[in-house]
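Have a look at entry_20.txt; it's compact mmCIF, C-alpha atoms:
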# COMPACT_ATOMS: atom_id res chain seq x y z
CA MET A 13 -4.41 -0.32 14.96
CA HIS A 14 -5.82 1.72 12.11
CA SER A 15 -4.02 2.00 8.79
CA LEU A 16 -4.53 4.47 5.96
CA HIS A 17 -6.56 1.78 4.18
CA SER A 18 -8.95 1.29 7.11
CA ILE A 19 -9.21 5.05 7.66
CA LEU A 20 -10.20 5.64 4.04
CA ALA A 21 -12.85 2.92 4.32
CA GLY A 22 -14.59 4.99 7.01
CA ILE A 23 -14.69 8.24 5.05
CA ARG A 24 -17.93 9.26 3.34
CA GLU A 25 -18.27 11.24 0.15
CA GLY A 26 -18.22 14.96 0.87
CA ASP A 27 -17.02 14.61 4.48
CA ILE A 28 -15.56 17.74 6.06
CA LEU A 29 -12.20 16.80 7.62
CA ALA A 30 -9.97 18.20 10.33
CA SER A 31 -6.86 16.76 11.99
CA ILE A 32 -5.19 17.02 15.38
CA ASP A 33 -1.58 16.18 16.20
CA LEU A 34 -0.40 15.40 19.74
CA THR A 35 2.93 16.65 21.06
CA GLU A 36 5.36 13.93 22.26
CA ALA A 37 2.42 11.54 22.54
CA TYR A 38 4.19 8.61 24.23
CA LEU A 39 5.62 10.85 26.96
CA HIS A 40 2.08 11.39 28.28
CA VAL A 41 2.04 7.76 29.50
CA PRO A 42 3.95 7.25 32.81
CA ILE A 43 5.85 4.03 33.51
CA ARG A 44 5.22 2.11 36.72
CA PRO A 45 8.23 2.91 39.05
CA GLU A 46 9.31 -0.72 39.51
CA HIS A 47 9.36 -1.23 35.73
CA ARG A 48 11.52 1.78 34.85
CA GLN A 49 14.69 -0.24 35.37
CA TYR A 50 13.89 -2.12 32.14
CA LEU A 51 13.98 1.11 30.15
CA ARG A 52 17.52 2.16 30.97
CA PHE A 53 20.26 3.34 28.63
CA CYS A 54 23.78 4.71 28.90
CA TYR A 55 25.01 7.96 27.37
CA SER A 56 28.43 9.58 27.86
CA GLY A 57 29.18 7.27 30.78
CA ARG A 58 25.95 8.15 32.62
CA HIS A 59 22.93 5.92 33.14
CA PHE A 60 19.39 7.09 32.51
CA GLN A 61 15.94 5.50 32.66
CA TYR A 62 12.64 6.50 31.13
CA LEU A 63 9.89 7.76 33.43
CA ALA A 64 7.37 7.66 30.55
CA LEU A 65 6.63 5.39 27.61
CA SER A 66 9.69 5.44 25.36
CA PHE A 67 9.90 5.74 21.61
CA GLY A 68 11.30 2.64 19.90
CA LEU A 69 9.78 0.18 22.37
CA ALA A 70 8.10 -2.61 20.39
CA SER A 71 4.97 -2.63 22.52
CA ALA A 72 4.62 1.18 22.66
CA PRO A 73 2.35 1.67 19.61
CA ARG A 74 -0.18 -0.92 20.77
CA THR A 75 -0.08 0.34 24.36
CA PHE A 76 -0.65 3.95 23.35
CA THR A 77 -3.41 2.96 20.90
CA LYS A 78 -5.28 1.03 23.63
CA ILE A 79 -5.10 4.05 25.95
CA LEU A 80 -6.27 6.51 23.33
CA SER A 81 -9.05 4.17 22.11
CA VAL A 82 -10.90 4.79 25.39
CA LEU A 83 -11.00 8.52 24.69
CA ALA A 84 -11.93 7.82 21.06
CA ALA A 85 -14.90 5.72 22.20
CA TYR A 86 -16.04 8.54 24.51
CA LEU A 87 -15.89 11.07 21.64
CA ARG A 88 -17.86 8.75 19.35
CA SER A 89 -20.58 8.52 22.00
CA LEU A 90 -21.20 12.30 21.77
CA PRO A 91 -21.26 11.56 18.74
CA ILE A 92 -18.05 12.76 17.07
CA ARG A 93 -16.79 10.70 14.14
CA ASN A 94 -13.06 10.21 14.62
CA GLN A 95 -10.22 7.90 13.69
CA PHE A 96 -6.94 7.67 15.62
CA TYR A 97 -3.58 6.56 14.29
CA LEU A 98 -1.14 6.87 17.21
CA ASP A 99 -0.80 10.64 17.76
CA ASP A 100 -2.67 11.65 14.59
CA LEU A 101 -6.43 12.21 14.95
CA LEU A 102 -8.79 12.59 12.01
CA LEU A 103 -12.23 14.14 12.56
CA GLN A 104 -15.08 13.72 10.07
CA ALA A 105 -18.31 15.72 9.90
CA SER A 106 -21.17 16.26 7.48
CA SER A 107 -21.05 20.08 7.61
CA GLN A 108 -18.60 22.91 8.19
CA ARG A 109 -20.37 24.08 11.33
CA ARG A 110 -20.46 20.61 12.84
CA ALA A 111 -16.79 20.07 12.00
CA GLU A 112 -15.81 23.26 13.85
CA GLN A 113 -17.86 22.23 16.90
CA ASP A 114 -16.37 18.73 16.92
CA LEU A 115 -12.85 20.12 16.59
CA ALA A 116 -13.28 22.41 19.62
CA THR A 117 -14.87 19.63 21.70
CA THR A 118 -12.12 17.13 20.82
CA ILE A 119 -9.26 19.52 21.62
CA GLY A 120 -10.93 20.33 24.93
CA ALA A 121 -11.36 16.65 25.80
CA LEU A 122 -7.71 15.89 24.96
CA ARG A 123 -6.45 18.72 27.14
CA ASP A 124 -8.79 17.73 29.97
CA HIS A 125 -7.16 14.28 29.92
CA GLY A 126 -3.64 15.69 30.07
CA PHE A 127 -2.64 15.54 26.39
CA SER A 128 -0.72 18.37 24.74
CA VAL A 129 -1.91 19.42 21.28
CA ASN A 130 0.63 20.50 18.66
CA LEU A 131 -1.39 23.32 17.10
CA ALA A 132 1.29 24.01 14.47
CA LYS A 133 0.76 20.58 12.94
CA CYS A 134 -3.03 20.52 13.27
CA GLN A 135 -5.45 21.18 10.40
CA LEU A 136 -7.77 23.55 12.28
CA VAL A 137 -9.68 24.79 9.22
CA PRO A 138 -12.07 21.95 8.27
CA SER A 139 -12.00 21.10 4.57
CA THR A 140 -12.85 18.40 2.04
CA ARG A 141 -9.12 18.20 1.14
CA LEU A 142 -6.65 17.36 3.90
CA VAL A 143 -3.16 15.88 4.21
CA HIS A 144 -3.12 12.96 6.66
CA LEU A 145 -0.46 10.25 7.15
CA GLY A 146 1.44 11.42 4.07
CA ALA A 147 -1.65 11.30 1.84
CA LEU A 148 -3.86 14.03 0.42
CA ILE A 149 -7.46 12.96 1.02
CA ASP A 150 -10.11 14.49 -1.27
CA THR A 151 -13.59 13.55 -0.10
CA GLN A 152 -15.37 15.27 -2.99
CA ALA A 153 -13.42 13.37 -5.63
CA GLY A 154 -13.44 10.22 -3.49
CA GLN A 155 -9.71 9.83 -4.08
CA VAL A 156 -6.45 9.81 -2.16
CA PHE A 157 -3.18 11.18 -3.54
CA LEU A 158 0.44 11.17 -2.44
CA SER A 159 1.23 14.39 -0.56
CA GLN A 160 3.66 16.85 -2.14
CA ASP A 161 6.06 16.48 0.79
CA ARG A 162 6.17 12.71 0.32
CA GLN A 163 6.72 13.10 -3.43
CA ASP A 164 9.57 15.53 -2.83
CA SER A 165 11.27 13.30 -0.24
CA ILE A 166 11.21 10.35 -2.65
CA ARG A 167 12.49 12.45 -5.55
CA VAL A 168 15.39 13.91 -3.54
CA LEU A 169 16.53 10.48 -2.34
CA ILE A 170 16.35 9.03 -5.85
CA GLN A 171 18.40 11.90 -7.27
CA LEU A 172 21.03 11.27 -4.59
CA ILE A 173 21.18 7.57 -5.50
CA GLN A 174 21.24 8.19 -9.25
CA GLY A 175 24.09 10.67 -8.87
CA SER A 176 26.39 8.25 -6.99
CA GLN A 177 28.49 5.39 -8.31
CA THR A 178 27.94 3.43 -5.11
CA VAL A 179 25.19 3.80 -2.50
CA GLN A 180 24.84 2.81 1.15
CA VAL A 181 22.48 -0.11 1.71
CA ASP A 182 20.62 1.77 4.45
CA GLN A 183 19.83 4.56 1.96
CA LEU A 184 18.30 2.04 -0.42
CA SER A 185 16.30 0.54 2.47
CA GLN A 186 15.09 4.01 3.40
CA LEU A 187 13.93 4.58 -0.18
CA LEU A 188 12.14 1.22 -0.24
CA GLY A 189 10.38 2.15 2.99
CA LYS A 190 9.13 5.38 1.40
CA MET A 191 7.94 3.43 -1.63
CA ILE A 192 6.06 0.94 0.54
CA SER A 193 4.22 3.81 2.24
CA CYS A 194 2.80 4.70 -1.21
CA LEU A 195 1.42 1.28 -2.13
CA ASN A 196 -2.22 2.03 -1.29
CA ILE A 197 -2.06 5.56 -2.67
CA VAL A 198 -0.31 5.47 -6.06
CA PRO A 199 -1.53 3.07 -8.79
CA TRP A 200 1.12 0.55 -9.88
CA ALA A 201 3.48 1.59 -7.06
CA LYS A 202 3.77 -2.04 -5.91
CA TYR A 203 5.02 -3.11 -9.33
CA HIS A 204 7.58 -0.32 -9.63
CA ALA A 205 8.97 -1.00 -6.15
CA ARG A 206 9.71 -4.65 -7.01
CA PRO A 207 13.15 -4.23 -8.69
CA LEU A 208 14.58 -2.46 -5.62
CA GLN A 209 12.85 -4.96 -3.34
CA TRP A 210 14.43 -7.90 -5.16
CA PHE A 211 17.85 -6.24 -5.05
CA LEU A 212 17.63 -5.70 -1.27
CA LEU A 213 16.26 -9.18 -0.54
CA PRO A 214 19.68 -10.83 0.11
CA TYR A 215 20.62 -8.01 2.51
CA GLN A 216 17.30 -8.34 4.34
CA LYS A 217 17.77 -12.09 4.73
CA ALA A 218 21.32 -11.54 6.02
CA GLY A 219 20.15 -8.87 8.47
CA THR A 220 22.34 -6.19 6.87
CA SER A 221 19.67 -4.01 5.22
CA SER A 222 20.46 -1.21 7.71
CA SER A 223 24.22 -1.34 7.19
CA ARG A 224 26.28 1.47 5.71
CA ILE A 225 28.26 -0.71 3.34
CA ARG A 226 28.35 0.79 -0.13
CA VAL A 227 27.07 -1.22 -3.09
CA TRP A 228 26.82 -0.80 -6.83
CA VAL A 229 23.21 -0.49 -7.97
CA PRO A 230 22.42 -2.49 -11.17
CA PRO A 231 21.23 -0.49 -14.20
CA ARG A 232 17.86 -2.28 -14.14
CA VAL A 233 17.18 -1.03 -10.61
CA LEU A 234 18.33 2.50 -11.45
CA CYS A 235 16.08 2.48 -14.51
CA SER A 236 13.09 1.44 -12.38
CA LEU A 237 13.64 4.41 -10.08
CA ALA A 238 12.98 6.85 -12.92
CA TRP A 239 9.24 6.04 -12.81
CA TRP A 240 9.06 7.52 -9.30
CA THR A 241 10.19 10.91 -10.61
CA LEU A 242 7.50 11.07 -13.32
CA LYS A 243 3.94 12.43 -13.22
CA ALA A 244 2.68 8.88 -12.69
CA ILE A 245 2.99 9.29 -8.93
CA HIS A 246 0.57 12.25 -9.07
CA ARG A 247 -2.28 9.85 -9.82
CA GLY A 248 -4.51 8.76 -6.97
CA CYS A 249 -6.65 5.82 -5.95
CA TYR A 250 -10.38 5.73 -5.20
CA PHE A 251 -11.71 5.14 -1.67
CA ARG A 252 -14.37 2.77 -2.97
CA ASP A 253 -13.76 0.09 -5.55
CA PRO A 254 -15.16 1.34 -8.89
CA HIS A 255 -17.32 -0.64 -11.29
CA ARG A 256 -15.17 -3.27 -12.98
CA VAL A 257 -15.31 -5.29 -16.18
CA VAL A 258 -15.08 -8.97 -15.21
CA VAL A 259 -12.75 -11.38 -17.01
CA THR A 260 -12.47 -15.04 -15.99
CA SER A 261 -9.48 -17.24 -16.88
CA ASP A 262 -8.17 -20.75 -16.31
CA ALA A 263 -5.29 -22.97 -17.38
CA SER A 264 -4.80 -26.69 -17.83
CA LEU A 265 -1.89 -28.75 -19.10
CA LEU A 266 -3.45 -28.52 -22.57
CA GLY A 267 -4.04 -24.81 -22.90
CA TRP A 268 -5.77 -21.71 -21.55
CA GLY A 269 -9.26 -20.30 -21.69
CA GLY A 270 -11.10 -17.17 -20.70
CA HIS A 271 -14.39 -15.37 -21.08
CA CYS A 272 -15.67 -11.82 -20.70
CA GLY A 273 -19.42 -11.50 -20.89
CA SER A 274 -20.49 -13.40 -24.00
CA GLN A 275 -16.98 -13.32 -25.51
CA VAL A 276 -14.65 -16.33 -25.22
CA ALA A 277 -10.97 -16.92 -25.99
CA GLN A 278 -8.64 -19.90 -25.79
CA GLY A 279 -5.29 -21.24 -26.91
CA HIS A 280 -2.87 -24.15 -26.61
CA TRP A 281 0.53 -24.19 -24.91
CA SER A 282 3.80 -24.52 -26.80
CA HIS A 283 6.36 -27.15 -25.77
CA LEU A 284 8.41 -24.40 -24.10
CA GLU A 285 5.43 -23.15 -22.10
CA LEU A 286 4.57 -26.67 -20.99
CA SER A 287 7.97 -26.92 -19.32
CA GLN A 288 6.76 -24.35 -16.75
CA GLN A 289 4.85 -25.10 -13.55
CA ILE A 290 1.05 -24.85 -13.41
CA ASN A 291 1.16 -21.63 -11.35
CA TRP A 292 3.13 -19.97 -14.14
CA LEU A 293 0.64 -21.27 -16.72
CA GLU A 294 -2.27 -19.87 -14.67
CA LEU A 295 -0.61 -16.46 -14.54
CA ARG A 296 0.09 -16.47 -18.27
CA ALA A 297 -3.51 -17.58 -18.93
CA ALA A 298 -4.67 -14.48 -17.06
CA ARG A 299 -2.53 -12.22 -19.24
CA LEU A 300 -3.52 -13.91 -22.50
CA SER A 301 -7.20 -13.68 -21.57
CA LEU A 302 -6.92 -9.97 -20.80
CA GLN A 303 -5.09 -9.32 -24.05
CA ALA A 304 -7.70 -11.29 -26.01
CA PHE A 305 -10.46 -9.03 -24.64
CA LEU A 306 -8.62 -5.75 -25.21
CA PRO A 307 -11.62 -4.10 -26.95
CA GLN A 308 -13.76 -4.82 -23.88
CA VAL A 309 -11.21 -3.88 -21.18
CA ARG A 310 -9.25 -0.99 -22.71
CA GLY A 311 -9.38 2.05 -20.43
CA GLN A 312 -11.48 0.19 -17.85
CA HIS A 313 -11.15 -0.94 -14.25
CA VAL A 314 -10.90 -4.74 -14.52
CA LEU A 315 -11.56 -7.63 -12.15
CA LEU A 316 -9.96 -10.94 -13.09
CA LEU A 317 -11.47 -14.10 -11.59
CA THR A 318 -9.17 -17.11 -11.24
CA ASP A 319 -9.16 -20.38 -9.30
CA SER A 320 -5.40 -19.98 -8.71
CA THR A 321 -4.53 -18.30 -5.41
CA THR A 322 -0.99 -17.73 -6.71
CA THR A 323 -2.29 -15.83 -9.74
CA LYS A 324 -4.59 -13.80 -7.52
CA ALA A 325 -1.69 -12.90 -5.20
CA HIS A 326 0.70 -11.93 -8.01
CA ILE A 327 -1.89 -9.69 -9.65
CA ASN A 328 -3.02 -7.96 -6.46
CA ARG A 329 0.55 -7.59 -5.19
CA GLN A 330 1.83 -6.74 -8.68
CA GLY A 331 4.54 -9.38 -8.43
CA GLY A 332 6.19 -11.43 -5.70
CA THR A 333 9.53 -12.25 -4.11
CA ARG A 334 9.53 -16.07 -4.00
CA SER A 335 9.78 -17.10 -7.64
CA ARG A 336 11.80 -15.42 -10.37
CA PRO A 337 9.81 -17.01 -13.25
CA LEU A 338 6.51 -15.89 -11.70
CA MET A 339 7.92 -12.41 -11.10
CA ARG A 340 9.02 -12.12 -14.73
CA GLU A 341 5.58 -13.20 -15.96
CA ALA A 342 3.94 -10.75 -13.54
CA GLU A 343 6.18 -8.00 -14.92
CA THR A 344 4.97 -8.71 -18.45
CA LEU A 345 1.36 -8.65 -17.27
CA CYS A 346 1.77 -5.43 -15.26
CA ASP A 347 3.61 -3.68 -18.11
CA TRP A 348 0.69 -4.43 -20.42
CA ALA A 349 -2.01 -3.66 -17.86
CA GLU A 350 -0.50 -0.31 -16.82
CA THR A 351 -0.54 0.78 -20.46
CA HIS A 352 -4.05 -0.41 -21.35
CA LEU A 353 -6.15 -0.52 -18.15
CA LEU A 354 -7.14 1.99 -15.48
CA SER A 355 -6.59 -0.64 -12.80
CA LEU A 356 -6.49 -4.40 -12.36
CA THR A 357 -7.43 -6.51 -9.37
CA ALA A 358 -8.00 -10.25 -8.97
CA ASP A 359 -10.32 -12.40 -6.91
CA HIS A 360 -10.66 -16.12 -6.33
CA ILE A 361 -13.36 -18.24 -7.89
CA ALA A 362 -13.83 -21.84 -6.79
CA GLY A 363 -12.71 -24.42 -9.32
CA THR A 364 -16.20 -25.95 -9.31
CA ASP A 365 -17.64 -22.58 -10.34
CA ASN A 366 -15.02 -21.84 -12.99
CA VAL A 367 -16.70 -24.19 -15.43
CA GLU A 368 -16.63 -22.23 -18.68
CA ALA A 369 -12.99 -21.09 -18.50
CA ASP A 370 -11.91 -24.57 -17.42
CA TRP A 371 -13.72 -26.15 -20.37
CA LEU A 372 -12.20 -23.60 -22.78
CA SER A 373 -8.70 -24.49 -21.51
CA ARG A 374 -9.23 -28.17 -22.37
CA ALA A 375 -11.38 -28.13 -25.53
CA THR A 376 -11.15 -26.58 -28.97
CA VAL A 377 -13.96 -24.32 -30.11
CA ASP A 378 -14.64 -24.10 -33.84
CA PRO A 379 -14.65 -20.33 -34.61
CA SER A 380 -17.18 -20.92 -37.41
CA GLU A 381 -19.81 -22.28 -35.01
Rewrite the structure from the file as structure tokens, please.
Amino acid sequence: MHSLHSILAGIREGDILASIDLTEAYLHVPIRPEHRQYLRFCYSGRHFQYLALSFGLASAPRTFTKILSVLAAYLRSLPIRNQFYLDDLLLQASSQRRAEQDLATTIGALRDHGFSVNLAKCQLVPSTRLVHLGALIDTQAGQVFLSQDRQDSIRVLIQLIQGSQTVQVDQLSQLLGKMISCLNIVPWAKYHARPLQWFLLPYQKAGTSSSRIRVWVPPRVLCSLAWWTLKAIHRGCYFRDPHRVVVTSDASLLGWGGHCGSQVAQGHWSHLELSQQINWLELRAARLSLQAFLPQVRGQHVLLLTDSTTTKAHINRQGGTRSRPLMREAETLCDWAETHLLSLTADHIAGTDNVEADWLSRATVDPSE
């Protein structure tokens, strides 16, 4: 199945977009008569069974996607550039005239195959700016932003939580779900969703994250929610990865080292730091390297290369949920990076290729040389 991330990867700069929404999409798919008995339910003492594909069935999204993919392939053969996400169809064209032709052809093909089109929810005026899957896509700017409706829904739920002494767990889970839907749209959203995610972790493990029990929300979690009501969530992400300044870091049990272009930096661990595990040292080495090269990375998109997969994961995911010490170190890194950098991503470099940073973490360079 497509995701917003994969859909954005297929959009070209300056594309003219249109969208089509299907009415009660699953109900277009009939169920084999002998299988309807497995889709029964009881309401007010009466028994019912679905005659068509039901909502809530685990296999329904994949089944519907496989059916619609046949029609999508036919449209692409015409050729009409399209991307399907369940009942939401996105059309892409290189000109306004072509977009209008493709839109009419696609609606006709859908109706010919028995699908009902929800014209009220369709974007029938092709444009370079279009709201799709809760995101505002701007093909001229090459960016995607959180839609106003999604911003408002998050803000209303946060205000409800902040104004209550205790909150139902299912409301907090609902808010976390809305935050997760923003992760590939709003910069630093992953990091600012972590406090609530950590708070809900015990309830998720116990299978009670959907319960209506009321809980007291810690001040730290309430404080983290304030970020989601600020202008920070108005910022967008680029479709294509921008040019990045490259910083390479490494850690050993002696110290840390890093380099950025012709610049190098290094340092030794304190006794307190040496009491931490190597994964923690690698993550701290990444932060110290970035801070050492502040003149080179300030206000830039940055790529950090590391031979630690844990460091890579905690930077790209802006934290984690398995280790408190690593999460705290990731928080310190993200706090600094959000203030000084446009964005930060990490990639893996093989240990055999990370020669210079590895040497810097083990040796001492005379600054006068």
Test item: residues at most 12 Å from Ala325 (chain A), all atoms listed in the file, excluding those fewer than 3 positions along its chain, as a compact mmCIF listing (two decimals) with C-alpha atoms, keeping the file's coordinate frame:
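Below is the file part.txt, written as the result:
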# COMPACT_ATOMS: atom_id res chain seq x y z
CA ASN A 291 1.16 -21.63 -11.35
CA GLU A 294 -2.27 -19.87 -14.67
CA LEU A 295 -0.61 -16.46 -14.54
CA LEU A 316 -9.96 -10.94 -13.09
CA LEU A 317 -11.47 -14.10 -11.59
CA THR A 318 -9.17 -17.11 -11.24
CA ASP A 319 -9.16 -20.38 -9.30
CA SER A 320 -5.40 -19.98 -8.71
CA THR A 321 -4.53 -18.30 -5.41
CA THR A 322 -0.99 -17.73 -6.71
CA ASN A 328 -3.02 -7.96 -6.46
CA ARG A 329 0.55 -7.59 -5.19
CA GLN A 330 1.83 -6.74 -8.68
CA GLY A 331 4.54 -9.38 -8.43
CA GLY A 332 6.19 -11.43 -5.70
CA THR A 333 9.53 -12.25 -4.11
CA ARG A 334 9.53 -16.07 -4.00
CA LEU A 338 6.51 -15.89 -11.70
CA MET A 339 7.92 -12.41 -11.10
CA ALA A 342 3.94 -10.75 -13.54
CA THR A 357 -7.43 -6.51 -9.37
CA ALA A 358 -8.00 -10.25 -8.97
CA ASP A 359 -10.32 -12.40 -6.91
CA HIS A 360 -10.66 -16.12 -6.33
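Picture a line from CA of Leu51 (chain A) to CA of Phe67 (chain A); it runs 10.5 Å.
Among the candidates A:Gln186, A:Gln95, A:Gln113, A:Thr35, the one nearest to Ala132 (chain A) when counting only C-alpha atoms is A:Thr35.
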> Hey, what's within 10 Å of Ala153 (chain A) if we count all atoms listed in the file and toss same-chain stuff fewer than 4 positions away? As a list in words, please?
Replying inline: Glu25, Gly26, Thr140, Arg141, Ile149, Tyr250 and Phe251 of chain A
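Our summary of the geometry notes that CA of Gln303 (chain A) is positioned 22.4 Å from CA of Ser287 (chain A).
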>> Using all atoms listed in the file, can you tell me which of A:Phe157, A:Leu237, A:Glu341, A:Leu16 comes closest to Gln174 (chain A)?
In response: A:Leu237
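For the pair CA of Lys78 (chain A) and CA of Asp161 (chain A), the interatomic distance is 29.8 Å.
Counting only C-alpha atoms and comparing A:Ile290, A:His352, A:Arg88, A:Leu188, the residue that lies closest to Thr323 (chain A) is A:Ile290.
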> Leu131 (chain A): which residues within 9 Å, counting only C-alpha atoms, same-chain residues fewer than 2 positions away excluded, as a ChimeraX atom specification?
Replying inline: /A:32-35,129,133-136
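For the choices A:Leu20, A:Tyr62, A:Phe127, A:Ala362, the atom-to-atom distance to Pro45 (chain A) is smallest for A:Tyr62 when using all atoms listed in the file.
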Centre, x/y/z edge lengths, axis-aligned box for region 198-202 of chain A with 8 Å per side, as lines of an AutoDock Vina configuration file:
center_x = 1.1
center_y = 1.7
center_z = -7.9
size_x = 21.3
size_y = 23.5
size_z = 20.0
